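Here's final09.cif, which has mmCIF, C-alpha atoms:
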```cif
data_start
loop_
_atom_site.label_atom_id
_atom_site.label_comp_id
_atom_site.auth_asym_id
_atom_site.auth_seq_id
_atom_site.Cartn_x
_atom_site.Cartn_y
_atom_site.Cartn_z
CA MET A 186 79.38 -54.75 -265.83
CA LYS A 187 82.37 -53.30 -264.08
CA GLY A 188 81.86 -49.57 -263.65
CA ASP A 189 78.06 -49.65 -263.50
CA ARG A 190 76.91 -47.50 -260.63
CA VAL A 191 73.81 -46.31 -258.84
CA GLU A 192 73.59 -43.01 -256.97
CA ILE A 193 71.05 -42.69 -254.17
CA VAL A 194 70.07 -39.27 -252.78
CA VAL A 195 68.49 -39.53 -249.33
CA ASP A 196 66.72 -36.94 -247.19
CA ALA A 197 68.64 -36.71 -243.91
CA GLY A 198 66.47 -34.20 -242.07
CA ASP A 199 67.80 -30.71 -242.75
CA THR A 200 70.21 -31.87 -245.49
CA THR A 201 70.60 -34.53 -248.18
CA ARG A 202 73.19 -37.28 -248.44
CA THR A 203 74.39 -39.02 -251.58
CA TYR A 204 75.50 -42.65 -251.63
CA GLU A 205 77.01 -44.66 -254.49
CA VAL A 206 77.06 -48.40 -255.12
CA VAL A 207 79.56 -49.35 -257.86
CA ALA A 208 80.24 -52.67 -259.60
CA SER A 209 83.89 -52.87 -258.58
CA ARG A 210 85.11 -55.91 -260.55
CA ALA A 211 84.61 -57.41 -263.99
CA GLY A 212 81.48 -59.51 -264.27
CA ARG A 213 79.65 -57.79 -261.43
CA ARG A 214 76.49 -55.75 -261.83
CA VAL A 215 74.35 -53.47 -259.69
CA GLU A 216 70.69 -54.36 -259.11
CA THR A 217 67.95 -52.27 -257.51
CA ALA A 218 64.73 -53.43 -255.86
CA VAL A 219 61.91 -51.73 -253.98
CA ARG A 220 60.19 -54.05 -251.50
CA ARG A 221 57.89 -53.28 -248.56
CA GLY A 222 58.91 -49.65 -248.30
CA VAL A 223 62.65 -50.35 -248.56
CA VAL A 224 64.91 -49.49 -251.50
CA GLU A 225 67.66 -52.09 -251.82
CA VAL A 226 70.71 -51.62 -254.06
CA SER A 227 73.03 -54.64 -254.37
CA GLU A 228 76.30 -55.48 -256.09
CA VAL A 229 75.89 -58.99 -257.55
CA THR A 230 78.36 -61.46 -259.09
CA ARG A 231 77.80 -63.42 -262.31
CA SER A 232 76.48 -66.38 -260.36
CA GLY A 233 73.97 -64.22 -258.48
CA SER A 234 75.73 -64.03 -255.12
CA VAL A 235 75.27 -60.69 -253.38
CA VAL A 236 78.57 -59.02 -252.51
CA ARG A 237 77.19 -56.00 -250.65
CA THR A 238 73.85 -54.32 -250.16
CA ALA A 239 72.68 -50.81 -249.29
CA ARG A 240 69.16 -50.39 -247.85
CA PHE A 241 67.20 -47.16 -247.48
CA MET A 242 63.67 -46.31 -246.36
CA ALA A 243 61.68 -45.58 -249.53
CA THR A 244 60.02 -42.54 -247.94
CA ARG A 245 63.45 -40.93 -247.46
CA VAL A 246 64.83 -41.60 -250.96
CA LEU A 247 64.69 -38.44 -253.10
CA ALA A 248 66.43 -39.78 -256.22
CA LEU A 249 67.77 -43.07 -257.53
CA VAL A 250 70.02 -42.63 -260.57
CA GLU A 251 71.32 -45.66 -262.49
CA GLN A 252 74.42 -44.90 -264.54
CA PRO A 253 75.50 -47.80 -266.75
CA VAL A 254 78.93 -47.93 -268.34
CA PRO A 255 78.78 -46.88 -272.01
CA ARG A 256 79.01 -49.98 -274.17
CA GLU A 257 81.15 -49.88 -277.30
CA GLU A 258 79.67 -50.27 -280.77
CA PRO A 259 80.27 -53.62 -282.56
CA SER A 260 82.15 -51.76 -285.32
CA GLU A 261 84.54 -50.29 -282.73
CA ALA A 262 85.19 -53.73 -281.28
CA ALA A 263 85.89 -55.13 -284.76
CA ASP A 264 88.39 -52.32 -285.48
CA ARG A 265 90.19 -53.01 -282.24
CA VAL A 266 90.53 -56.75 -282.94
CA THR A 267 91.59 -56.52 -286.59
CA ARG A 268 94.47 -54.12 -286.08
CA PRO A 269 97.71 -55.75 -287.19
CA LEU A 270 100.15 -56.62 -284.45
CA ARG A 271 103.67 -55.32 -284.55
CA GLU A 272 106.01 -57.85 -286.12
CA ASP A 273 108.67 -59.40 -283.96
CA PRO A 274 112.11 -58.75 -285.53
CA GLU A 275 113.47 -62.07 -284.22
CA THR A 276 110.91 -64.13 -286.14
CA GLN A 277 111.38 -62.29 -289.44
CA PRO A 278 113.61 -63.95 -292.08
CA ARG A 279 116.89 -62.16 -292.66
CA THR A 280 117.70 -60.88 -296.12
#
```

Would you put the structure from the file into structure tokens?
Amino acid sequence: MKGDRVEIVVDAGDTTRTYEVVASRAGRRVETAVRRGVVEVSEVTRSGSVVRTARFMATRVLALVEQPVPREEPSEAADRVTRPLREDPETQPRT
């Protein structure tokens, strides 16, 4: 979902560096994978195409924090949809 993000904290010798990968558009998501000593974080479209990828050596990664966007409750969504719309004065019958 748009807004999902993953923070990666990497050991850079005498200091640490923090990187972020964010789902920048609607319908995109962020996926993580650890393969053969490499941590891979990718932004992926709905169809599964990879938009961009960040790769780090697994031995250097100190923290990998996934931060999903808070989803709204179904009751909140229902309240938002059922609110009455403002009436258009031009379509109202005149008295």

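All protein, DNA and RNA residues at most 6 Å from (75.0, -53.1, -256.0) are Val206, Val215, Glu216, Val226, Ser227 and Glu228 of chain A, using all atoms listed in the file.
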
message = If I take atom CA of A:Asp199 and atom CA of A:Arg237, how far is one from the other in Å, to one decimal?
response =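 Computing it gives 28.1 Å between the two atoms.
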
ask   = Counting all atoms listed in the file, which of A:Ser209, A:Thr217, A:Val223, A:Gly198 gets nearest to A:Leu249?
value =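 The closest residue to A:Leu249 is A:Thr217.
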
key: Selected residue of minimal separation from A:Pro253 among A:Glu205, A:Gly233, A:Arg214, A:Ala197, counting all atoms listed in the file   =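 Nearest to A:Pro253: A:Arg214.
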
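Between atom CA of A:Ala248 and atom CA of A:Val219 the interatomic distance comes to 13.0 Å.
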
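Atom CA of A:Gly188 to atom CA of A:Val254 spans 5.8 Å [interatomic distance, one decimal].
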
message = With distances taken over only C-alpha atoms, which residue among A:Val229, A:Gly222, A:Thr201, A:Arg245 lies nearest A:Asp189?
response = A:Val229

task = Show which residues sit within 7 Å of A:Arg213, as a VMD selection string. Count all atoms listed in the file, and ignore same-chain residues fewer than 5 positions away.
result = chain A and resid 186 to 187 208 228 to 231

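With distances restricted to only C-alpha atoms, A:Tyr204 is the closest residue to A:Glu192 from A:Ala211, A:Leu247, A:Ser234, A:Tyr204.
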
Stretch 210-223 of chain A, all listed atoms, 3 Å padding on each side: what axis-aligned box centre and edge lengths in Å to one decimal come out, as JSON?
```
{"center_x": 71.5, "center_y": -54.6, "center_z": -256.3, "size_x": 33.2, "size_y": 15.9, "size_z": 22.0}
```

key: Close residues, A:Val250 itself excluded, 9 Å, all atoms listed in the file, min 2 positions apart in chain, as a ChimeraX atom specification   = /A:190-194,248,252

query = Taking only C-alpha atoms into account, which of A:Met242, A:Arg202, A:Ser232, A:Val195 comes nearest A:Ala218?
reply = A:Met242
